[in-house]
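Engineer: This structure is in structure tokens; I'll ask about it shortly.
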Amino acid sequence: MDTHTNIYLVGLMGAGKTTIGRQLARRLGRNFHDSDHEIVERTGVPIPTIFEIEGEDGFRRREVQTIAELTAMSNIVMATGGGVVLDPENRQRLHDTGWVVYLNVPPFMLYQRTRHDRNRPLLQVEDPLARLEGLHAARDPLYREAAHMVVEGGQLVASGVVQYLMREFGRLCAKT
Ligand SMILES: Nc1ncnc2c1ncn2[C@@H]1O[C@H](COP(=O)(O)OP(=O)(O)OP(=O)(O)O)[C@@H](O)[C@H]1O
Ligand SMILES: O=C(O)C1=C[C@@H](O)[C@@H](O)[C@H](O)C1
Ligand SMILES: [Mg+2]
């Protein structure tokens with residue numbers, strides 16, 4: 001672990017990966033990448049359209065490819081898609097090539113943050129809160145497997161999480 005080690009944010013939809021990742025990158029003077037945005041740029045269509053045309057499987061294949069390319073870079077901050085940890089290859093690759101932070105936020109807060117946004121196909125269901133609860137139960141162990149650190153992000157404003165991560169990252173770099 002050194003001052004150029006990649007930093008990866010994982011967690012469910014609405015956990016704040018994009019918001020916090022962008023701020024953290026700015027504070028560290030690093031390039032910021034968002035695997036979802038990268039996939040959208042490469043395909044030229046929004047995520048719901050990829051799901052419609054290629055199904056979730058098609059999206060996941062593109063995600064594995066994108067993660068492989070982004071994790072080959074150094075000195076970056078990356079926000080990942082909420083389902084990135086479903087693939088064991090992604091989990092291993094993230095864990096091995098960077099400092100992985102799991103932003104754990106209770107499903108009800110995720111629901112409040114995401115309910116007006118139609119850009120997340122998995123939440124276009126009758127009961128998005130129940131869906132988020134199910135996803136949280138299923139994925140929490142996978143996020144923990146990939147992560148080096150868990151932040152209970154529900155009660156903190158985004159800038160508070162950024163501040164905390166800056167301090168922890170600095171401390172870990174100084175130790176090694
Ligand atoms: N710590 C926070 N406190 C309050 N609101 C937040 C916090 N972090 C993010 N938000 C808000 O929650 C919404 C979702 O955040 P964001 O898009 O960063 O989540 P995400 O983890 O990247 O989600 P996805 O996996 O769907 O890309 C945004 O409107 C953002 O402003
Ligand atoms: O949680 C998920 O499976 C997803 C989260 C988003 O970031 C996108 O990657 C996509 O909508 C799928
Ligand atoms: Mg995001």
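We name chains A, B, ... following the order of the structure tokens; residues begin at 1 in each chain, and ligands are numbered from 1 as shown.
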Just want the 9 Å neighbourhood of Val105 (chain A), counted on only C-alpha atoms, with same-chain residues fewer than 3 positions away dropped. Output as a PyMOL selection string.
Structural biologist: chain A and resi 11-12+14-16+108-110+151-155
Engineer: Go ahead and save the picked residues with N, CA and C atoms, as a PDB file, in the first residue's frame.
Structural biologist:
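And here is the file that came out, again.pdb:
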```
ATOM      1  N   GLY A  11     -20.486  -0.969  -3.239  1.00  0.00           N
ATOM      2  CA  GLY A  11     -21.688  -0.865  -2.413  1.00  0.00           C
ATOM      3  C   GLY A  11     -22.913  -0.799  -3.312  1.00  0.00           C
ATOM      4  N   LEU A  12     -24.067  -0.811  -2.674  1.00  0.00           N
ATOM      5  CA  LEU A  12     -25.318  -0.861  -3.440  1.00  0.00           C
ATOM      6  C   LEU A  12     -25.641   0.455  -4.139  1.00  0.00           C
ATOM      7  N   GLY A  14     -26.978   3.851  -4.825  1.00  0.00           N
ATOM      8  CA  GLY A  14     -27.322   4.948  -3.934  1.00  0.00           C
ATOM      9  C   GLY A  14     -26.421   5.047  -2.718  1.00  0.00           C
ATOM     10  N   ALA A  15     -25.433   4.173  -2.606  1.00  0.00           N
ATOM     11  CA  ALA A  15     -24.547   4.203  -1.432  1.00  0.00           C
ATOM     12  C   ALA A  15     -23.647   5.444  -1.439  1.00  0.00           C
ATOM     13  N   GLY A  16     -23.499   6.042  -2.614  1.00  0.00           N
ATOM     14  CA  GLY A  16     -22.698   7.269  -2.702  1.00  0.00           C
ATOM     15  C   GLY A  16     -21.339   7.058  -3.363  1.00  0.00           C
ATOM     16  N   PHE A 108     -33.289   1.298   3.508  1.00  0.00           N
ATOM     17  CA  PHE A 108     -34.304   2.349   3.479  1.00  0.00           C
ATOM     18  C   PHE A 108     -33.698   3.677   3.018  1.00  0.00           C
ATOM     19  N   MET A 109     -32.474   3.943   3.426  1.00  0.00           N
ATOM     20  CA  MET A 109     -31.820   5.186   2.981  1.00  0.00           C
ATOM     21  C   MET A 109     -31.478   5.114   1.498  1.00  0.00           C
ATOM     22  N   LEU A 110     -31.092   3.925   1.057  1.00  0.00           N
ATOM     23  CA  LEU A 110     -30.806   3.758  -0.379  1.00  0.00           C
ATOM     24  C   LEU A 110     -32.078   4.031  -1.180  1.00  0.00           C
ATOM     25  N   VAL A 151     -17.260   1.085   5.592  1.00  0.00           N
ATOM     26  CA  VAL A 151     -17.673   2.354   6.192  1.00  0.00           C
ATOM     27  C   VAL A 151     -19.185   2.320   6.348  1.00  0.00           C
ATOM     28  N   GLU A 152     -19.639   2.546   7.569  1.00  0.00           N
ATOM     29  CA  GLU A 152     -21.084   2.622   7.794  1.00  0.00           C
ATOM     30  C   GLU A 152     -21.489   4.031   7.369  1.00  0.00           C
ATOM     31  N   GLY A 153     -21.925   4.130   6.104  1.00  0.00           N
ATOM     32  CA  GLY A 153     -22.077   5.456   5.483  1.00  0.00           C
ATOM     33  C   GLY A 153     -23.438   6.093   5.634  1.00  0.00           C
ATOM     34  N   GLY A 154     -24.369   5.429   6.309  1.00  0.00           N
ATOM     35  CA  GLY A 154     -25.735   5.927   6.343  1.00  0.00           C
ATOM     36  C   GLY A 154     -25.919   7.267   7.034  1.00  0.00           C
ATOM     37  N   GLN A 155     -25.169   7.492   8.080  1.00  0.00           N
ATOM     38  CA  GLN A 155     -25.400   8.690   8.892  1.00  0.00           C
ATOM     39  C   GLN A 155     -24.512   9.864   8.501  1.00  0.00           C
TER      40      GLN A 155
END
```
Engineer: Each residue of chain A lying at most 9 Å from ligand 1 should get a row with its shortest atom-to-atom pair and the distance in Å to one decimal, counting only C-alpha atoms and all ligand atoms; could you produce that, ordered by chain and increasing number, as CSV?
Structural biologist:
```
residue,atom,partner,partner_atom_place_in_ligand_line,distance
A:Leu9,CA,ligand 1,21 (O),8.3
A:Val10,CA,ligand 1,21 (O),7.6
A:Gly11,CA,ligand 1,21 (O),6.3
A:Leu12,CA,ligand 1,25 (O),5.5
A:Met13,CA,ligand 1,25 (O),3.5
A:Gly14,CA,ligand 1,19 (O),3.5
A:Ala15,CA,ligand 1,21 (O),3.9
A:Gly16,CA,ligand 1,18 (O),3.3
A:Lys17,CA,ligand 1,21 (O),3.8
A:Thr18,CA,ligand 1,22 (O),3.8
A:Thr19,CA,ligand 1,18 (O),3.7
A:Ile20,CA,ligand 1,18 (O),6.3
A:Gly21,CA,ligand 1,18 (O),7.9
A:Arg22,CA,ligand 1,18 (O),8.7
A:Asp34,CA,ligand 1,27 (O),8.3
A:Ser35,CA,ligand 1,27 (O),8.9
A:Asp36,CA,ligand 1,27 (O),6.8
A:His37,CA,ligand 1,27 (O),8.7
A:Ala79,CA,ligand 1,22 (O),6.7
A:Thr80,CA,ligand 1,25 (O),6.9
A:Gly81,CA,ligand 1,25 (O),4.8
A:Gly82,CA,ligand 1,25 (O),4.3
A:Gly83,CA,ligand 1,25 (O),7.8
A:Leu103,CA,ligand 1,21 (O),8.1
A:Val105,CA,ligand 1,1 (N),8.9
A:Met109,CA,ligand 1,4 (C),8.5
A:Leu110,CA,ligand 1,12 (O),7.4
A:Gln112,CA,ligand 1,12 (O),8.2
A:Arg113,CA,ligand 1,12 (O),4.6
A:Thr114,CA,ligand 1,13 (C),6.0
A:Asp117,CA,ligand 1,29 (O),8.6
A:Asn119,CA,ligand 1,26 (O),7.9
A:Arg120,CA,ligand 1,26 (O),6.3
A:Gly153,CA,ligand 1,1 (N),6.2
A:Gly154,CA,ligand 1,1 (N),6.6
A:Gln155,CA,ligand 1,1 (N),7.2
A:Leu156,CA,ligand 1,1 (N),5.2
A:Val157,CA,ligand 1,1 (N),3.9
A:Ala158,CA,ligand 1,1 (N),3.6
A:Ser159,CA,ligand 1,1 (N),7.2
A:Gly160,CA,ligand 1,1 (N),7.5
A:Val161,CA,ligand 1,1 (N),6.8
```
Engineer: Which neighbours of region 3-8 of chain A fall inside 8 Å, counting only C-alpha atoms, when residues of the same chain fewer than 5 positions from it are skipped, and could you give them as a list in words?
Structural biologist: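 The contact residues come out as Thr71, Ser74, Asn75, Ile76, Val77, Met78, Ala79, Thr80, Leu94, Thr97, Gly98, Trp99, Val100, Val101, Gly170 and Cys173 of chain A.
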Engineer: Export N, CA and C atoms of the chosen residues as a PDB file, in the first residue's frame?
Structural biologist:
```pdb
ATOM      1  N   THR A  71      -8.726  -1.599 -13.694  1.00  0.00           N
ATOM      2  CA  THR A  71      -7.856  -2.011 -12.585  1.00  0.00           C
ATOM      3  C   THR A  71      -6.396  -2.162 -13.029  1.00  0.00           C
ATOM      4  N   SER A  74      -3.081   2.871 -12.604  1.00  0.00           N
ATOM      5  CA  SER A  74      -2.655   3.112 -11.217  1.00  0.00           C
ATOM      6  C   SER A  74      -2.961   4.553 -10.826  1.00  0.00           C
ATOM      7  N   ASN A  75      -2.971   4.793  -9.525  1.00  0.00           N
ATOM      8  CA  ASN A  75      -3.235   6.133  -8.979  1.00  0.00           C
ATOM      9  C   ASN A  75      -4.620   6.671  -9.338  1.00  0.00           C
ATOM     10  N   ILE A  76      -5.589   5.791  -9.391  1.00  0.00           N
ATOM     11  CA  ILE A  76      -6.954   6.243  -9.711  1.00  0.00           C
ATOM     12  C   ILE A  76      -7.887   6.038  -8.505  1.00  0.00           C
ATOM     13  N   VAL A  77      -9.002   6.762  -8.547  1.00  0.00           N
ATOM     14  CA  VAL A  77     -10.132   6.449  -7.674  1.00  0.00           C
ATOM     15  C   VAL A  77     -11.229   5.939  -8.602  1.00  0.00           C
ATOM     16  N   MET A  78     -11.837   4.809  -8.255  1.00  0.00           N
ATOM     17  CA  MET A  78     -12.898   4.255  -9.111  1.00  0.00           C
ATOM     18  C   MET A  78     -14.158   3.950  -8.309  1.00  0.00           C
ATOM     19  N   ALA A  79     -15.279   4.466  -8.812  1.00  0.00           N
ATOM     20  CA  ALA A  79     -16.592   4.051  -8.319  1.00  0.00           C
ATOM     21  C   ALA A  79     -17.034   2.893  -9.195  1.00  0.00           C
ATOM     22  N   THR A  80     -17.539   1.832  -8.585  1.00  0.00           N
ATOM     23  CA  THR A  80     -17.945   0.649  -9.348  1.00  0.00           C
ATOM     24  C   THR A  80     -19.467   0.559  -9.411  1.00  0.00           C
ATOM     25  N   LEU A  94     -10.360  -6.653  -7.898  1.00  0.00           N
ATOM     26  CA  LEU A  94     -10.446  -5.402  -7.132  1.00  0.00           C
ATOM     27  C   LEU A  94      -9.604  -5.531  -5.860  1.00  0.00           C
ATOM     28  N   THR A  97      -5.749  -5.417  -6.538  1.00  0.00           N
ATOM     29  CA  THR A  97      -5.081  -4.293  -7.214  1.00  0.00           C
ATOM     30  C   THR A  97      -5.344  -2.935  -6.562  1.00  0.00           C
ATOM     31  N   GLY A  98      -6.051  -2.927  -5.430  1.00  0.00           N
ATOM     32  CA  GLY A  98      -6.318  -1.623  -4.833  1.00  0.00           C
ATOM     33  C   GLY A  98      -6.830  -1.742  -3.410  1.00  0.00           C
ATOM     34  N   TRP A  99      -7.161  -0.584  -2.873  1.00  0.00           N
ATOM     35  CA  TRP A  99      -7.751  -0.498  -1.534  1.00  0.00           C
ATOM     36  C   TRP A  99      -9.257  -0.411  -1.750  1.00  0.00           C
ATOM     37  N   VAL A 100      -9.974  -1.447  -1.302  1.00  0.00           N
ATOM     38  CA  VAL A 100     -11.414  -1.537  -1.591  1.00  0.00           C
ATOM     39  C   VAL A 100     -12.218  -1.115  -0.358  1.00  0.00           C
ATOM     40  N   VAL A 101     -13.076  -0.129  -0.549  1.00  0.00           N
ATOM     41  CA  VAL A 101     -13.902   0.380   0.542  1.00  0.00           C
ATOM     42  C   VAL A 101     -15.367   0.075   0.245  1.00  0.00           C
ATOM     43  N   GLY A 170      -4.350   7.933   4.438  1.00  0.00           N
ATOM     44  CA  GLY A 170      -3.065   8.527   4.840  1.00  0.00           C
ATOM     45  C   GLY A 170      -2.397   7.704   5.935  1.00  0.00           C
ATOM     46  N   CYS A 173      -1.049   4.387   4.478  1.00  0.00           N
ATOM     47  CA  CYS A 173       0.143   4.610   3.638  1.00  0.00           C
ATOM     48  C   CYS A 173       1.362   4.876   4.522  1.00  0.00           C
TER      49      CYS A 173
END
```
Engineer: Using only C-alpha atoms, determine which residues lie at most 12 Å from Asp57 (chain A), disregarding the query and same-chain residues fewer than 6 positions distant; provide the list as a PDB file with C-alpha atoms, in the first residue's frame.
Structural biologist:
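Listing of around-v7.pdb after writing:
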```pdb
ATOM      1  CA  ILE A  50     -28.093  -2.271 -22.451  1.00  0.00           C
ATOM      2  CA  PHE A  51     -30.282  -4.336 -20.097  1.00  0.00           C
ATOM      3  CA  GLU A  63     -18.626  -4.897 -16.734  1.00  0.00           C
ATOM      4  CA  VAL A  64     -15.989  -7.655 -16.307  1.00  0.00           C
ATOM      5  CA  GLY A  83     -23.412  -5.436  -8.918  1.00  0.00           C
ATOM      6  CA  LEU A  86     -21.394 -10.712  -8.235  1.00  0.00           C
ATOM      7  CA  ASP A  87     -18.537 -11.905 -10.410  1.00  0.00           C
TER       8      ASP A  87
END
```
Engineer: Mind giving me the straight-line distance from CA of Thr66 (chain A) to CA of Glu89 (chain A) in Å, one decimal?
Structural biologist: 12.2 Å
Engineer: Which is closer to ligand 3 than all the others in A:Val45, A:Val40, A:Leu28, A:Met1, using only C-alpha atoms and all ligand atoms?
Structural biologist: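 Closest candidate: A:Val40.
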Engineer: Write down as a PyMOL selection string the residues of region 34-138 of chain A whose backbone DSSP state falls under helix (DSSP H, G or I).
Structural biologist: chain A and resi 35-43+47-70+84-86+88-97+107-114+121-123+128-138
Engineer: With distances taken over only C-alpha atoms, which of A:Val162, A:Ala68, A:Glu168, A:Thr176 is nearest to Gln23 (chain A)?
Structural biologist: A:Val162
Engineer: If you measure from CA of Phe32 (chain A) to CA of Gly44 (chain A), what distance in Å do you get, rounded to one decimal?
Structural biologist: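 A separation of 19.6 Å between them.
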Engineer: Arg131 (chain A): which residues within 12 Å, counting only C-alpha atoms, same-chain residues fewer than 2 positions away excluded, as a list in words?
Structural biologist: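 So the residues in contact are Leu12, Met13, Pro107, Phe108, Leu110, Tyr111, Arg115, Arg120, Pro121, Leu122, Leu123, Gln124, Val125, Glu126, Asp127, Pro128, Leu129, Glu133, Gly134, Leu135, His136, Ala137, Ala138 and Arg139 of chain A.
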Engineer: Now that the selection is made, can you save its residues with C-alpha atoms as a short mmCIF file (atom, residue, chain, number, x, y, z; two decimals), in the first residue's frame?
Structural biologist:
```cif
data_model
loop_
_atom_site.label_atom_id
_atom_site.label_comp_id
_atom_site.auth_asym_id
_atom_site.auth_seq_id
_atom_site.Cartn_x
_atom_site.Cartn_y
_atom_site.Cartn_z
CA LEU A 12 -25.32 -0.86 -3.44
CA MET A 13 -27.11 1.60 -5.70
CA PRO A 107 -31.73 -0.21 2.37
CA PHE A 108 -34.30 2.35 3.48
CA LEU A 110 -30.81 3.76 -0.38
CA TYR A 111 -34.46 3.74 -1.32
CA ARG A 115 -36.50 6.57 -5.73
CA ARG A 120 -31.33 1.81 -12.44
CA PRO A 121 -33.13 -1.04 -14.20
CA LEU A 122 -33.05 -3.37 -11.18
CA LEU A 123 -35.15 -0.85 -9.24
CA GLN A 124 -37.88 -0.48 -11.88
CA VAL A 125 -40.15 -2.86 -9.96
CA GLU A 126 -43.35 -2.48 -7.99
CA ASP A 127 -41.60 -2.51 -4.63
CA PRO A 128 -38.09 -1.05 -4.97
CA LEU A 129 -37.54 -1.03 -1.20
CA GLU A 133 -33.54 -5.22 1.00
CA GLY A 134 -33.13 -8.43 -1.00
CA LEU A 135 -30.05 -7.14 -2.81
CA HIS A 136 -28.52 -5.99 0.46
CA ALA A 137 -29.01 -9.40 2.08
CA ALA A 138 -27.60 -11.23 -0.93
CA ARG A 139 -24.65 -8.97 -1.64
#
```
Engineer: From the DSSP assignment of the backbone, select every residue of region 3-46 of chain A that is strand (DSSP E), and format the answer as a short mmCIF file (atom, residue, chain, number, x, y, z; two decimals) with N, CA and C atoms, in the first residue's frame.
Structural biologist:
```cif
data_model
loop_
_atom_site.label_atom_id
_atom_site.label_comp_id
_atom_site.auth_asym_id
_atom_site.auth_seq_id
_atom_site.Cartn_x
_atom_site.Cartn_y
_atom_site.Cartn_z
N ASN A 6 -4.45 2.28 -6.00
CA ASN A 6 -5.82 2.60 -6.44
C ASN A 6 -6.80 2.50 -5.28
N ILE A 7 -7.84 3.33 -5.35
CA ILE A 7 -8.91 3.26 -4.36
C ILE A 7 -10.21 2.93 -5.09
N TYR A 8 -10.89 1.88 -4.63
CA TYR A 8 -12.14 1.44 -5.26
C TYR A 8 -13.28 1.51 -4.24
N LEU A 9 -14.41 2.06 -4.69
CA LEU A 9 -15.59 2.11 -3.83
C LEU A 9 -16.62 1.11 -4.32
N VAL A 10 -17.09 0.26 -3.40
CA VAL A 10 -18.13 -0.71 -3.73
C VAL A 10 -19.31 -0.53 -2.79
N ASN A 31 -7.09 10.99 -11.05
CA ASN A 31 -8.16 10.80 -12.03
C ASN A 31 -9.26 9.95 -11.40
N PHE A 32 -10.49 10.30 -11.76
CA PHE A 32 -11.65 9.55 -11.27
C PHE A 32 -12.26 8.75 -12.41
N HIS A 33 -12.60 7.49 -12.14
CA HIS A 33 -13.30 6.66 -13.11
C HIS A 33 -14.54 6.05 -12.46
N ASP A 34 -15.57 5.88 -13.27
CA ASP A 34 -16.80 5.26 -12.78
C ASP A 34 -17.11 4.15 -13.78
#
```
Engineer: Which residue, A:Arg167, A:Arg118, A:Arg144, A:Arg91, has the smallest gap to Asn104 (chain A) when you use only C-alpha atoms?
Structural biologist: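 The closest residue to Asn104 (chain A) is A:Arg144.
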Engineer: Let me make sure I understand: among A:Leu24, A:Val84, A:Met166, A:Ala147, which one has the smallest atom-to-atom distance to Gln65 (chain A) if we use only C-alpha atoms?
Structural biologist: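 Of A:Leu24, A:Val84, A:Met166, A:Ala147, the one nearest Gln65 (chain A), counting only C-alpha atoms, is A:Val84.
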Engineer: Kindly give the distance, in Å, that separates CA of Ala174 (chain A) and CA of Gly29 (chain A), rounded to a single decimal.
Structural biologist: 18.2 Å
Engineer: Skip Pro88 (chain A) itself and residues of its chain fewer than 4 positions away, then list as a PyMOL selection string all residues within 9 Å of it, counting only C-alpha atoms.
Structural biologist: chain A and resi 92-93+142
